[in-house]
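A.B. asks: File upload.txt below, compact mmCIF, C-alpha atoms and all ligand atoms:
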```txt
# COMPACT_ATOMS: atom_id res chain seq x y z
CA MET A 1 4.52 -44.91 -10.77
CA HIS A 2 7.84 -45.05 -12.67
CA THR A 3 11.10 -45.60 -10.86
CA PRO A 4 12.53 -42.10 -10.39
CA ILE A 5 15.61 -41.23 -12.41
CA ALA A 6 18.74 -40.45 -10.41
CA GLN A 7 19.32 -36.77 -9.77
CA ARG A 8 21.31 -34.52 -7.51
CA SER A 9 19.60 -31.53 -5.92
CA LYS A 10 21.20 -28.14 -6.48
CA LEU A 11 19.46 -26.95 -3.32
CA PRO A 12 19.56 -29.97 -1.02
CA ASN A 13 18.72 -27.98 2.10
CA VAL A 14 15.78 -26.06 0.67
CA GLY A 15 12.16 -27.03 1.25
CA THR A 16 8.94 -25.26 0.35
CA THR A 17 9.06 -21.56 1.29
CA ILE A 18 7.65 -20.64 4.68
CA PHE A 19 5.09 -18.33 3.03
CA THR A 20 3.53 -21.25 1.16
CA VAL A 21 3.70 -23.61 4.15
CA ILE A 22 2.05 -21.12 6.52
CA GLY A 23 -0.42 -19.96 3.87
CA GLN A 24 -1.65 -23.53 3.38
CA LEU A 25 -1.88 -24.18 7.13
CA ALA A 26 -3.74 -20.89 7.60
CA ALA A 27 -6.23 -21.82 4.88
CA LYS A 28 -6.76 -25.28 6.34
CA HIS A 29 -7.60 -23.84 9.74
CA GLN A 30 -9.37 -20.76 8.36
CA ALA A 31 -7.00 -18.59 10.37
CA ILE A 32 -6.87 -14.83 10.10
CA ASN A 33 -3.84 -14.37 7.93
CA LEU A 34 -1.24 -11.92 9.22
CA SER A 35 1.56 -13.94 7.63
CA GLN A 36 2.26 -13.07 4.00
CA GLY A 37 3.27 -9.55 3.02
CA ALA A 38 0.48 -9.35 0.46
CA PRO A 39 -2.41 -6.88 0.73
CA ASN A 40 -5.88 -8.40 1.14
CA PHE A 41 -7.44 -5.13 -0.04
CA PRO A 42 -7.90 -4.06 -3.67
CA CYS A 43 -5.59 -2.01 -5.84
CA SER A 44 -6.97 1.13 -7.46
CA ALA A 45 -9.83 0.55 -9.89
CA GLU A 46 -8.08 2.98 -12.24
CA LEU A 47 -5.05 0.70 -12.46
CA ILE A 48 -7.23 -2.26 -13.42
CA ARG A 49 -9.01 -0.10 -15.97
CA PHE A 50 -5.68 0.97 -17.48
CA ALA A 51 -4.54 -2.67 -17.77
CA HIS A 52 -7.88 -3.66 -19.27
CA GLU A 53 -7.69 -0.83 -21.80
CA ALA A 54 -4.16 -1.83 -22.74
CA MET A 55 -5.36 -5.37 -23.45
CA LEU A 56 -8.34 -4.12 -25.47
CA GLU A 57 -6.03 -1.84 -27.44
CA GLY A 58 -4.04 -4.90 -28.44
CA HIS A 59 -0.96 -4.56 -26.23
CA ASN A 60 -0.78 -8.28 -25.68
CA GLN A 61 2.52 -9.27 -27.27
CA TYR A 62 6.08 -9.09 -26.00
CA ALA A 63 7.16 -5.80 -24.49
CA PRO A 64 10.68 -4.56 -25.27
CA MET A 65 13.26 -6.63 -23.39
CA SER A 66 14.36 -3.70 -21.23
CA GLY A 67 10.80 -2.50 -20.54
CA LEU A 68 8.23 -0.19 -22.07
CA PRO A 69 9.95 3.15 -22.88
CA ALA A 70 7.18 5.17 -21.19
CA LEU A 71 7.55 3.14 -18.02
CA ARG A 72 11.34 3.39 -18.00
CA GLN A 73 10.98 7.14 -18.46
CA ALA A 74 8.53 7.39 -15.56
CA ILE A 75 10.93 5.38 -13.38
CA VAL A 76 14.03 7.46 -14.07
CA ASP A 77 12.05 10.67 -13.58
CA LYS A 78 10.76 9.47 -10.23
CA VAL A 79 14.19 8.32 -9.08
CA GLU A 80 15.72 11.65 -10.01
CA ALA A 81 12.96 13.59 -8.25
CA LEU A 82 13.20 11.51 -5.09
CA TYR A 83 16.85 10.56 -4.82
CA GLY A 84 18.64 13.04 -7.07
CA GLN A 85 20.33 10.44 -9.26
CA ARG A 86 19.78 10.58 -13.03
CA TYR A 87 19.86 7.10 -14.58
CA ASP A 88 20.05 6.74 -18.33
CA VAL A 89 16.63 5.72 -19.56
CA ASP A 90 17.96 3.40 -22.28
CA SER A 91 20.85 1.68 -20.59
CA GLU A 92 20.51 1.92 -16.80
CA VAL A 93 16.97 0.83 -15.97
CA THR A 94 15.30 -2.49 -16.74
CA VAL A 95 11.72 -3.47 -16.05
CA MET A 96 11.68 -6.98 -14.64
CA ALA A 97 9.06 -9.67 -14.14
CA SER A 98 9.11 -8.99 -10.37
CA ALA A 99 11.72 -7.77 -7.94
CA SER A 100 12.51 -11.44 -7.35
CA GLU A 101 13.52 -11.79 -10.99
CA ALA A 102 15.62 -8.64 -10.74
CA LEU A 103 17.47 -9.98 -7.70
CA PHE A 104 17.93 -13.38 -9.32
CA SER A 105 19.17 -11.89 -12.59
CA ALA A 106 21.58 -9.59 -10.78
CA VAL A 107 23.08 -12.35 -8.65
CA THR A 108 23.29 -14.75 -11.60
CA ALA A 109 24.91 -12.14 -13.83
CA LEU A 110 27.38 -10.68 -11.37
CA VAL A 111 28.38 -13.42 -8.91
CA HIS A 112 30.83 -16.07 -10.06
CA ASP A 113 31.70 -19.54 -8.87
CA GLY A 114 33.95 -19.20 -5.81
CA ASP A 115 32.96 -15.61 -5.03
CA GLU A 116 31.77 -14.56 -1.59
CA VAL A 117 28.59 -12.60 -0.98
CA ILE A 118 27.93 -10.90 2.34
CA VAL A 119 24.34 -11.35 3.42
CA PHE A 120 22.60 -10.40 6.66
CA GLU A 121 20.31 -12.69 8.59
CA PRO A 122 17.41 -12.67 9.20
CA ALA A 123 17.34 -12.72 5.38
CA PHE A 124 14.45 -13.00 2.97
CA ASP A 125 14.39 -16.68 2.15
CA SER A 126 15.44 -16.46 -1.51
CA TYR A 127 18.75 -14.67 -0.93
CA ILE A 128 21.02 -17.50 0.20
CA PRO A 129 19.74 -20.09 -2.29
CA MET A 130 20.30 -17.56 -5.13
CA ILE A 131 23.91 -17.18 -4.06
CA GLU A 132 24.46 -20.92 -3.65
CA LEU A 133 23.07 -21.63 -7.12
CA GLN A 134 26.03 -19.66 -8.54
CA GLY A 135 28.54 -21.87 -6.72
CA ALA A 136 29.36 -18.85 -4.55
CA THR A 137 29.69 -18.75 -0.77
CA PRO A 138 27.20 -16.79 1.32
CA VAL A 139 29.09 -15.02 4.11
CA VAL A 140 26.36 -14.72 6.69
CA ILE A 141 26.36 -11.95 9.27
CA LYS A 142 23.70 -12.27 11.92
CA LEU A 143 21.60 -9.39 13.19
CA ALA A 144 20.35 -9.89 16.73
CA ALA A 145 16.97 -9.08 18.30
CA PRO A 146 15.65 -6.64 19.26
CA GLU A 147 17.69 -3.96 17.37
CA PHE A 148 18.82 -6.04 14.39
CA ALA A 149 21.49 -3.42 13.68
CA ILE A 150 24.23 -4.14 11.14
CA PRO A 151 27.55 -4.79 12.97
CA TRP A 152 29.74 -2.81 10.56
CA ASP A 153 33.01 -3.76 12.26
CA GLU A 154 32.17 -7.39 11.57
CA VAL A 155 31.30 -6.54 7.97
CA ALA A 156 34.70 -4.85 7.54
CA ALA A 157 36.45 -7.84 9.14
CA ARG A 158 34.76 -10.36 6.85
CA ILE A 159 35.61 -8.68 3.57
CA THR A 160 38.21 -10.68 1.64
CA PRO A 161 39.67 -10.42 -1.88
CA ARG A 162 36.89 -12.82 -2.92
CA THR A 163 34.03 -10.61 -1.69
CA ARG A 164 32.03 -9.81 -4.80
CA MET A 165 28.80 -8.47 -3.43
CA ILE A 166 27.01 -7.17 -0.33
CA LEU A 167 23.28 -7.88 -0.38
CA LEU A 168 21.22 -5.35 1.56
CA ASN A 169 17.53 -4.84 2.19
CA THR A 170 16.09 -1.54 3.40
CA PRO A 171 13.36 -1.20 4.68
CA HIS A 172 14.03 -4.69 5.95
CA ASN A 173 11.91 -7.79 5.72
CA PRO A 174 11.26 -9.27 8.29
CA THR A 175 12.54 -6.85 10.95
CA GLY A 176 11.09 -3.52 9.79
CA THR A 177 14.44 -1.75 10.33
CA VAL A 178 15.70 0.91 7.91
CA LEU A 179 19.28 1.88 7.15
CA SER A 180 20.34 5.19 8.72
CA ALA A 181 22.66 7.85 7.31
CA ALA A 182 25.35 6.44 9.62
CA ASP A 183 24.86 2.93 8.19
CA VAL A 184 25.20 4.29 4.68
CA ALA A 185 28.36 6.20 5.62
CA ARG A 186 29.92 3.00 6.99
CA LEU A 187 28.95 1.07 3.87
CA GLU A 188 30.46 3.75 1.67
CA ALA A 189 33.72 3.75 3.65
CA ILE A 190 34.00 -0.04 3.76
CA THR A 191 33.46 -0.49 0.02
CA ASP A 192 35.57 2.48 -1.04
CA GLY A 193 38.43 1.43 -3.30
CA THR A 194 37.01 -2.08 -3.84
CA ASP A 195 35.11 -3.68 -6.74
CA ILE A 196 32.32 -4.86 -4.46
CA VAL A 197 28.81 -4.60 -5.89
CA VAL A 198 26.00 -3.58 -3.55
CA LEU A 199 22.76 -5.34 -4.40
CA SER A 200 20.09 -3.31 -2.65
CA ASP A 201 16.61 -4.73 -2.27
CA GLU A 202 14.44 -1.64 -1.78
CA VAL A 203 11.00 -3.05 -2.52
CA TYR A 204 9.51 -1.21 0.49
CA GLU A 205 11.11 2.11 -0.51
CA HIS A 206 7.82 4.01 -0.15
CA VAL A 207 6.87 2.49 3.20
CA VAL A 208 9.04 4.29 5.77
CA PHE A 209 7.53 5.52 9.02
CA ASP A 210 7.73 8.39 11.51
CA GLY A 211 9.02 10.92 8.99
CA GLU A 212 12.26 9.00 8.42
CA GLN A 213 13.97 9.07 5.04
CA HIS A 214 14.55 6.08 2.79
CA HIS A 215 18.26 5.76 2.10
CA SER A 216 18.21 4.42 -1.41
CA MET A 217 21.66 3.57 -2.72
CA SER A 218 20.69 5.85 -5.59
CA ARG A 219 20.64 8.79 -3.16
CA HIS A 220 24.38 8.41 -2.54
CA PRO A 221 26.47 8.91 -5.72
CA LYS A 222 29.50 6.89 -4.64
CA LEU A 223 27.31 3.95 -3.69
CA ALA A 224 25.07 4.35 -6.73
CA ALA A 225 28.15 3.81 -8.88
CA ARG A 226 28.55 0.27 -7.47
CA SER A 227 24.91 -0.59 -6.76
CA VAL A 228 22.08 -2.49 -8.31
CA VAL A 229 18.87 -1.07 -6.84
CA VAL A 230 15.86 -3.36 -7.01
CA THR A 231 12.29 -2.38 -6.37
CA SER A 232 8.73 -3.51 -6.91
CA PHE A 233 5.50 -2.18 -8.35
CA GLY A 234 3.60 -4.90 -6.53
CA LYS A 235 4.38 -3.40 -3.13
CA THR A 236 3.75 0.18 -4.20
CA PHE A 237 0.43 -0.36 -6.01
CA HIS A 238 -1.04 -3.28 -4.01
CA VAL A 239 -0.57 -5.70 -6.92
CA THR A 240 1.95 -8.28 -5.68
CA GLY A 241 0.46 -10.81 -8.11
CA TRP A 242 1.26 -8.74 -11.18
CA ARG A 243 4.94 -9.59 -10.87
CA VAL A 244 6.42 -6.37 -12.19
CA GLY A 245 9.47 -4.71 -10.69
CA TYR A 246 12.59 -3.02 -11.95
CA CYS A 247 16.24 -2.51 -11.32
CA LEU A 248 18.64 0.38 -11.73
CA ALA A 249 22.38 0.06 -12.19
CA PRO A 250 25.31 1.73 -13.94
CA GLN A 251 25.49 0.59 -17.54
CA ALA A 252 28.43 -1.81 -17.14
CA LEU A 253 26.51 -3.78 -14.51
CA MET A 254 23.19 -3.46 -16.31
CA ASP A 255 24.63 -4.84 -19.57
CA GLU A 256 25.45 -8.07 -17.74
CA ILE A 257 22.12 -8.20 -15.88
CA ARG A 258 20.21 -7.84 -19.15
CA LYS A 259 22.08 -10.81 -20.62
CA VAL A 260 20.49 -12.97 -17.93
CA HIS A 261 17.10 -11.25 -17.94
CA GLN A 262 16.70 -11.70 -21.72
CA PHE A 263 17.05 -15.46 -21.36
CA ALA A 264 15.16 -15.85 -18.08
CA MET A 265 11.99 -13.83 -18.78
CA PHE A 266 12.89 -11.79 -21.87
CA ALA A 267 10.35 -9.13 -20.86
CA ALA A 268 7.82 -8.31 -18.18
CA ASP A 269 4.07 -8.47 -18.72
CA THR A 270 3.01 -5.97 -21.41
CA PRO A 271 -0.47 -4.67 -20.42
CA MET A 272 0.64 -4.30 -16.82
CA GLN A 273 3.54 -2.12 -17.96
CA TYR A 274 1.15 0.14 -19.89
CA ALA A 275 -1.10 0.45 -16.85
CA LEU A 276 1.78 1.17 -14.47
CA ALA A 277 3.25 3.77 -16.82
CA LYS A 278 -0.09 5.60 -16.88
CA LEU A 279 -0.48 5.53 -13.12
CA MET A 280 3.10 6.65 -12.58
CA ALA A 281 2.46 9.65 -14.77
CA GLU A 282 0.36 10.97 -11.89
CA PRO A 283 2.90 12.89 -9.83
CA GLY A 284 3.40 11.76 -6.27
CA HIS A 285 1.52 8.49 -6.73
CA TYR A 286 3.68 7.01 -3.96
CA LEU A 287 3.42 9.91 -1.53
CA GLY A 288 0.58 8.62 0.61
CA LEU A 289 1.94 5.11 1.05
CA SER A 290 4.00 5.62 4.19
CA ALA A 291 1.08 7.29 5.98
CA PHE A 292 -1.29 4.58 4.75
CA TYR A 293 0.84 1.78 6.18
CA GLN A 294 1.84 3.73 9.28
CA GLN A 295 -1.85 3.95 10.18
CA LYS A 296 -2.03 0.15 9.80
CA ARG A 297 1.10 -0.39 11.87
CA ASP A 298 -0.32 1.82 14.61
CA LEU A 299 -3.75 0.22 14.49
CA LEU A 300 -2.24 -3.24 14.93
CA SER A 301 0.18 -2.09 17.66
CA GLN A 302 -2.58 -0.40 19.63
CA ALA A 303 -4.88 -3.36 19.26
CA LEU A 304 -2.09 -5.64 20.52
CA ALA A 305 -1.29 -3.45 23.54
CA ALA A 306 -3.29 -5.80 25.76
CA SER A 307 -1.72 -8.96 24.31
CA PRO A 308 1.09 -10.84 26.05
CA LEU A 309 3.36 -10.30 23.03
CA LYS A 310 6.19 -7.78 23.28
CA LEU A 311 6.19 -5.71 20.12
CA ILE A 312 9.43 -4.65 18.48
CA PRO A 313 8.99 -1.23 16.81
CA SER A 314 8.85 -1.20 13.01
CA GLN A 315 10.41 1.68 11.07
CA GLY A 316 9.26 0.57 7.63
CA SER A 317 8.03 -2.31 5.39
CA PHE A 318 4.76 -4.26 5.79
CA PHE A 319 5.98 -6.00 8.94
CA MET A 320 6.48 -5.79 12.65
CA LEU A 321 8.07 -8.33 14.94
CA ALA A 322 6.83 -9.52 18.30
CA SER A 323 8.62 -11.50 21.00
CA PHE A 324 6.82 -14.24 22.90
CA ALA A 325 9.85 -15.09 25.05
CA LEU A 326 8.05 -14.17 28.27
CA LEU A 327 5.05 -16.24 27.30
CA SER A 328 6.33 -19.63 26.25
CA ASP A 329 9.43 -21.82 25.90
CA GLU A 330 8.22 -23.26 22.63
CA SER A 331 10.24 -22.91 19.45
CA ASP A 332 8.94 -20.10 17.27
CA SER A 333 7.73 -22.67 14.71
CA ASP A 334 5.74 -24.57 17.34
CA PHE A 335 4.34 -21.32 18.70
CA VAL A 336 3.27 -20.17 15.22
CA GLN A 337 1.68 -23.56 14.55
CA ARG A 338 -0.24 -23.38 17.82
CA LEU A 339 -1.41 -19.83 17.07
CA ILE A 340 -2.86 -21.08 13.80
CA VAL A 341 -4.43 -24.29 15.08
CA GLU A 342 -5.66 -23.17 18.50
CA HIS A 343 -6.13 -19.43 18.12
CA GLY A 344 -6.87 -19.00 14.42
CA VAL A 345 -4.16 -16.45 13.59
CA ALA A 346 -1.32 -16.98 11.13
CA THR A 347 2.09 -15.33 11.48
CA ILE A 348 5.64 -16.23 10.36
CA PRO A 349 8.37 -17.66 12.64
CA VAL A 350 11.50 -15.51 12.29
CA SER A 351 13.76 -18.60 12.51
CA ALA A 352 12.70 -19.24 8.90
CA PHE A 353 14.89 -16.28 7.91
CA TYR A 354 18.03 -17.87 9.43
CA ARG A 355 19.80 -20.68 7.59
CA ASP A 356 20.67 -22.41 10.87
CA GLY A 357 17.19 -21.84 12.31
CA THR A 358 18.34 -19.34 14.97
CA ASP A 359 15.32 -19.00 17.22
CA GLN A 360 14.95 -15.80 19.24
CA ARG A 361 11.29 -16.49 20.08
CA VAL A 362 10.15 -13.80 17.70
CA ILE A 363 7.32 -13.90 15.15
CA ARG A 364 6.59 -11.65 12.17
CA LEU A 365 3.20 -10.00 11.73
CA SER A 366 2.14 -8.48 8.41
CA PHE A 367 -0.03 -5.38 8.61
CA ALA A 368 -0.63 -5.23 4.85
CA LYS A 369 -4.23 -6.12 5.61
CA ASP A 370 -7.54 -4.29 5.80
CA ASP A 371 -8.35 -2.78 9.18
CA ALA A 372 -11.04 -5.32 10.02
CA THR A 373 -8.56 -8.18 9.51
CA LEU A 374 -5.93 -6.44 11.64
CA LEU A 375 -8.42 -5.88 14.47
CA ALA A 376 -9.81 -9.41 14.30
CA GLY A 377 -6.30 -10.91 14.30
CA ALA A 378 -5.24 -8.71 17.21
CA GLU A 379 -8.31 -9.66 19.21
CA ARG A 380 -7.41 -13.32 18.88
CA LEU A 381 -3.79 -12.63 19.81
CA CYS A 382 -4.96 -10.79 22.91
CA ARG A 383 -6.65 -13.99 24.07
CA ILE A 384 -3.53 -16.18 24.05
N1 LIG A 401 7.54 -10.81 0.35
C1 LIG A 401 6.37 -11.37 0.95
C2 LIG A 401 6.60 -11.73 2.40
O1 LIG A 401 7.70 -11.63 2.87
C3 LIG A 401 5.85 -12.58 0.19
C4 LIG A 401 6.85 -13.62 -0.10
C5 LIG A 401 6.30 -14.82 -0.82
O2 LIG A 401 5.15 -15.21 -0.63
N2 LIG A 401 7.13 -15.43 -1.59
O3 LIG A 401 5.67 -12.10 3.06
```
Could you express the structure from this file as structure tokens?
Ligand code: GLN

C.D. replies:
Amino acid sequence: MHTPIAQRSKLPNVGTTIFTVIGQLAAKHQAINLSQGAPNFPCSAELIRFAHEAMLEGHNQYAPMSGLPALRQAIVDKVEALYGQRYDVDSEVTVMASASEALFSAVTALVHDGDEVIVFEPAFDSYIPMIELQGATPVVIKLAAPEFAIPWDEVAARITPRTRMILLNTPHNPTGTVLSAADVARLEAITDGTDIVVLSDEVYEHVVFDGEQHHSMSRHPKLAARSVVVTSFGKTFHVTGWRVGYCLAPQALMDEIRKVHQFAMFAADTPMQYALAKLMAEPGHYLGLSAFYQQKRDLLSQALAASPLKLIPSQGSFFMLASFALLSDESDSDFVQRLIVEHGVATIPVSAFYRDGTDQRVIRLSFAKDDATLLAGAERLCRI
């Protein structure tokens, strides 16, 4: 082995993501995997056929940098139909190589060295590192179990002249909360008259339960004017491995985001864009998704009714939380490890979504799994 060259980490406090760590441990112990928010059931055969046809037809070279025109058209039509906001198909929508790339490009393009970005914890684990890579300061506001509500007075108090961005996620990973009309009204009032950008991660936009409405920033014109809305085809069409998402933003913001996107990925995967454009042409392709996942949420909740875990209701996303505070004094990481090793079920410790490891003795369960897996996992959890 050569002597390593000297180098300084840009992310000294970052290890391997929790999803990889738990996924490997789950595989090693052949645990039933309720950890990652990735479906273990197939996408539609039609979608695969469309992608295959696109490849056979020779659509195997670079797509346009901003995305396939037919797909951008399908996106802006859907957004207008659902949320009432008309984005310009040429300048205000960009197809990205995943929602992660969209978030990364937006933060890189819009956040400067020395800026502050308000971010809520528990936070998806990429958010804070993305901010830190820009030399910006994450201003972390903690949401507390079991409600995980946004403390808007604290948000207002922590805005400074350096606040450049507020990073939101609704429906929320990992808590399963969704923003309400009242939340949106507070956000609108707090940002009014400022130059703050709202970066809104809405990858679970079509997975909202109990008849509630998804409050996309694009539904609210004043917020849409300052927002970058990010979403994902992977979540909507059960193809998280395809890595195709998109973002919407007013042109002035989008111009900057595209400058980063063109040098990061240049374009998203071509045949996948053809396939997605064809599937999106079917009206209402997303309409059944909330009911589909609500059935899974309810199946898992009912099957866990006899378990010693205390479930925290989920309003949307692929996730629900469960407290084990009455069951054990262990840290959530130790508890999760023991569930995998001794009980054969993998979940995610919620402390992984807090930079300082705040441990509320809560674990995250993914119900983006086939029913047999949900029932088998629940049966094991009932035996702890
Ligand atoms: N978004 C998914 C989750 O939260 C997967 C994340 C990942 O594996 N990087 O489980």

A.B. asks: Extract, using all atoms listed in the file, all DNA, RNA and protein residues at most 6 Å from segment 253-265 of chain A, discarding same-chain residues fewer than 6 positions from it, and format them as a CSV table (one decimal) with C-alpha atoms, in the coordinates of the input.

C.D. replies:
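Saved file part_26.csv follows:
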```csv
chain,number,residue,atom,x,y,z
A,105,SER,CA,19.2,-11.9,-12.6
A,106,ALA,CA,21.6,-9.6,-10.8
A,109,ALA,CA,24.9,-12.1,-13.8
```

A.B. asks: Counting all atoms listed in the file, find the residues whose atoms lie at most 12 Å from (13.0, -14.6, 9.7) (file coordinates) and write them out as a PyMOL selection string.

C.D. replies: chain A and resi 17-19+35+120-126+142-145+148+172-176+319-322+332-333+347-365

A.B. asks: Filtering to C-alpha atoms, could you give me those residues as an mmCIF file, in the frame of the given file?

C.D. replies:
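Generated output (again30.cif):
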```cif
data_model
loop_
_atom_site.group_PDB
_atom_site.id
_atom_site.type_symbol
_atom_site.label_atom_id
_atom_site.label_comp_id
_atom_site.auth_asym_id
_atom_site.auth_seq_id
_atom_site.Cartn_x
_atom_site.Cartn_y
_atom_site.Cartn_z
ATOM 1 C CA THR A 17 9.060 -21.560 1.290
ATOM 2 C CA ILE A 18 7.650 -20.640 4.680
ATOM 3 C CA PHE A 19 5.090 -18.330 3.030
ATOM 4 C CA SER A 35 1.560 -13.940 7.630
ATOM 5 C CA PHE A 120 22.600 -10.400 6.660
ATOM 6 C CA GLU A 121 20.310 -12.690 8.590
ATOM 7 C CA PRO A 122 17.410 -12.670 9.200
ATOM 8 C CA ALA A 123 17.340 -12.720 5.380
ATOM 9 C CA PHE A 124 14.450 -13.000 2.970
ATOM 10 C CA ASP A 125 14.390 -16.680 2.150
ATOM 11 C CA SER A 126 15.440 -16.460 -1.510
ATOM 12 C CA LYS A 142 23.700 -12.270 11.920
ATOM 13 C CA LEU A 143 21.600 -9.390 13.190
ATOM 14 C CA ALA A 144 20.350 -9.890 16.730
ATOM 15 C CA ALA A 145 16.970 -9.080 18.300
ATOM 16 C CA PHE A 148 18.820 -6.040 14.390
ATOM 17 C CA HIS A 172 14.030 -4.690 5.950
ATOM 18 C CA ASN A 173 11.910 -7.790 5.720
ATOM 19 C CA PRO A 174 11.260 -9.270 8.290
ATOM 20 C CA THR A 175 12.540 -6.850 10.950
ATOM 21 C CA GLY A 176 11.090 -3.520 9.790
ATOM 22 C CA PHE A 319 5.980 -6.000 8.940
ATOM 23 C CA MET A 320 6.480 -5.790 12.650
ATOM 24 C CA LEU A 321 8.070 -8.330 14.940
ATOM 25 C CA ALA A 322 6.830 -9.520 18.300
ATOM 26 C CA ASP A 332 8.940 -20.100 17.270
ATOM 27 C CA SER A 333 7.730 -22.670 14.710
ATOM 28 C CA THR A 347 2.090 -15.330 11.480
ATOM 29 C CA ILE A 348 5.640 -16.230 10.360
ATOM 30 C CA PRO A 349 8.370 -17.660 12.640
ATOM 31 C CA VAL A 350 11.500 -15.510 12.290
ATOM 32 C CA SER A 351 13.760 -18.600 12.510
ATOM 33 C CA ALA A 352 12.700 -19.240 8.900
ATOM 34 C CA PHE A 353 14.890 -16.280 7.910
ATOM 35 C CA TYR A 354 18.030 -17.870 9.430
ATOM 36 C CA ARG A 355 19.800 -20.680 7.590
ATOM 37 C CA ASP A 356 20.670 -22.410 10.870
ATOM 38 C CA GLY A 357 17.190 -21.840 12.310
ATOM 39 C CA THR A 358 18.340 -19.340 14.970
ATOM 40 C CA ASP A 359 15.320 -19.000 17.220
ATOM 41 C CA GLN A 360 14.950 -15.800 19.240
ATOM 42 C CA ARG A 361 11.290 -16.490 20.080
ATOM 43 C CA VAL A 362 10.150 -13.800 17.700
ATOM 44 C CA ILE A 363 7.320 -13.900 15.150
ATOM 45 C CA ARG A 364 6.590 -11.650 12.170
ATOM 46 C CA LEU A 365 3.200 -10.000 11.730
#
```

A.B. asks: Which of these residues is nearest to Leu133 of chain A, using all atoms listed in the file: A:Leu375, A:Leu339, A:Leu34, A:Leu11?

C.D. replies: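 Among the listed residues, the smallest separation from Leu133 of chain A belongs to A:Leu11.
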
A.B. asks: Considering all atoms listed in the file, can you say which of A:Ser66, A:Ser180, A:Ser98, A:Gln302 comes closest to Val203 of chain A?

C.D. replies: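 Residue with the minimum atom-to-atom distance to Val203 of chain A: A:Ser98.
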
A.B. asks: Within 7 Å of Val207 of chain A, counting only C-alpha atoms, which residues qualify if same-chain residues fewer than 3 places away don't, as number ranges by chain?

C.D. replies: A: 204, 289-290, 293, 316-317

A.B. asks: When you count all atoms listed in the file, which of these residues is closest to Arg162 of chain A: A:Leu311, A:Ile150, A:Ala182, A:Val139?

C.D. replies: A:Val139

A.B. asks: Can you pull out the residues contacting Ala346 of chain A? Cut-off 12 Å, using all atoms listed in the file, and skip same-chain residues under 6 positions away; I want them as JSON, numbers by chain.

C.D. replies: {"A": [18, 19, 20, 21, 22, 23, 24, 25, 26, 27, 28, 29, 30, 31, 32, 33, 34, 35, 36, 37, 333, 335, 336, 337, 338, 339, 340, 363, 364, 365, 366, 367, 373, 374, 376, 377, 378, 380, 381]}

A.B. asks: Any chance you could export the current selection's C-alpha atoms as an mmCIF file, in the coordinates of the input?

C.D. replies:
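Output (again31.cif):
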```cif
data_model
loop_
_atom_site.group_PDB
_atom_site.id
_atom_site.type_symbol
_atom_site.label_atom_id
_atom_site.label_comp_id
_atom_site.auth_asym_id
_atom_site.auth_seq_id
_atom_site.Cartn_x
_atom_site.Cartn_y
_atom_site.Cartn_z
ATOM 1 C CA ILE A 18 7.650 -20.640 4.680
ATOM 2 C CA PHE A 19 5.090 -18.330 3.030
ATOM 3 C CA THR A 20 3.530 -21.250 1.160
ATOM 4 C CA VAL A 21 3.700 -23.610 4.150
ATOM 5 C CA ILE A 22 2.050 -21.120 6.520
ATOM 6 C CA GLY A 23 -0.420 -19.960 3.870
ATOM 7 C CA GLN A 24 -1.650 -23.530 3.380
ATOM 8 C CA LEU A 25 -1.880 -24.180 7.130
ATOM 9 C CA ALA A 26 -3.740 -20.890 7.600
ATOM 10 C CA ALA A 27 -6.230 -21.820 4.880
ATOM 11 C CA LYS A 28 -6.760 -25.280 6.340
ATOM 12 C CA HIS A 29 -7.600 -23.840 9.740
ATOM 13 C CA GLN A 30 -9.370 -20.760 8.360
ATOM 14 C CA ALA A 31 -7.000 -18.590 10.370
ATOM 15 C CA ILE A 32 -6.870 -14.830 10.100
ATOM 16 C CA ASN A 33 -3.840 -14.370 7.930
ATOM 17 C CA LEU A 34 -1.240 -11.920 9.220
ATOM 18 C CA SER A 35 1.560 -13.940 7.630
ATOM 19 C CA GLN A 36 2.260 -13.070 4.000
ATOM 20 C CA GLY A 37 3.270 -9.550 3.020
ATOM 21 C CA SER A 333 7.730 -22.670 14.710
ATOM 22 C CA PHE A 335 4.340 -21.320 18.700
ATOM 23 C CA VAL A 336 3.270 -20.170 15.220
ATOM 24 C CA GLN A 337 1.680 -23.560 14.550
ATOM 25 C CA ARG A 338 -0.240 -23.380 17.820
ATOM 26 C CA LEU A 339 -1.410 -19.830 17.070
ATOM 27 C CA ILE A 340 -2.860 -21.080 13.800
ATOM 28 C CA ILE A 363 7.320 -13.900 15.150
ATOM 29 C CA ARG A 364 6.590 -11.650 12.170
ATOM 30 C CA LEU A 365 3.200 -10.000 11.730
ATOM 31 C CA SER A 366 2.140 -8.480 8.410
ATOM 32 C CA PHE A 367 -0.030 -5.380 8.610
ATOM 33 C CA THR A 373 -8.560 -8.180 9.510
ATOM 34 C CA LEU A 374 -5.930 -6.440 11.640
ATOM 35 C CA ALA A 376 -9.810 -9.410 14.300
ATOM 36 C CA GLY A 377 -6.300 -10.910 14.300
ATOM 37 C CA ALA A 378 -5.240 -8.710 17.210
ATOM 38 C CA ARG A 380 -7.410 -13.320 18.880
ATOM 39 C CA LEU A 381 -3.790 -12.630 19.810
#
```
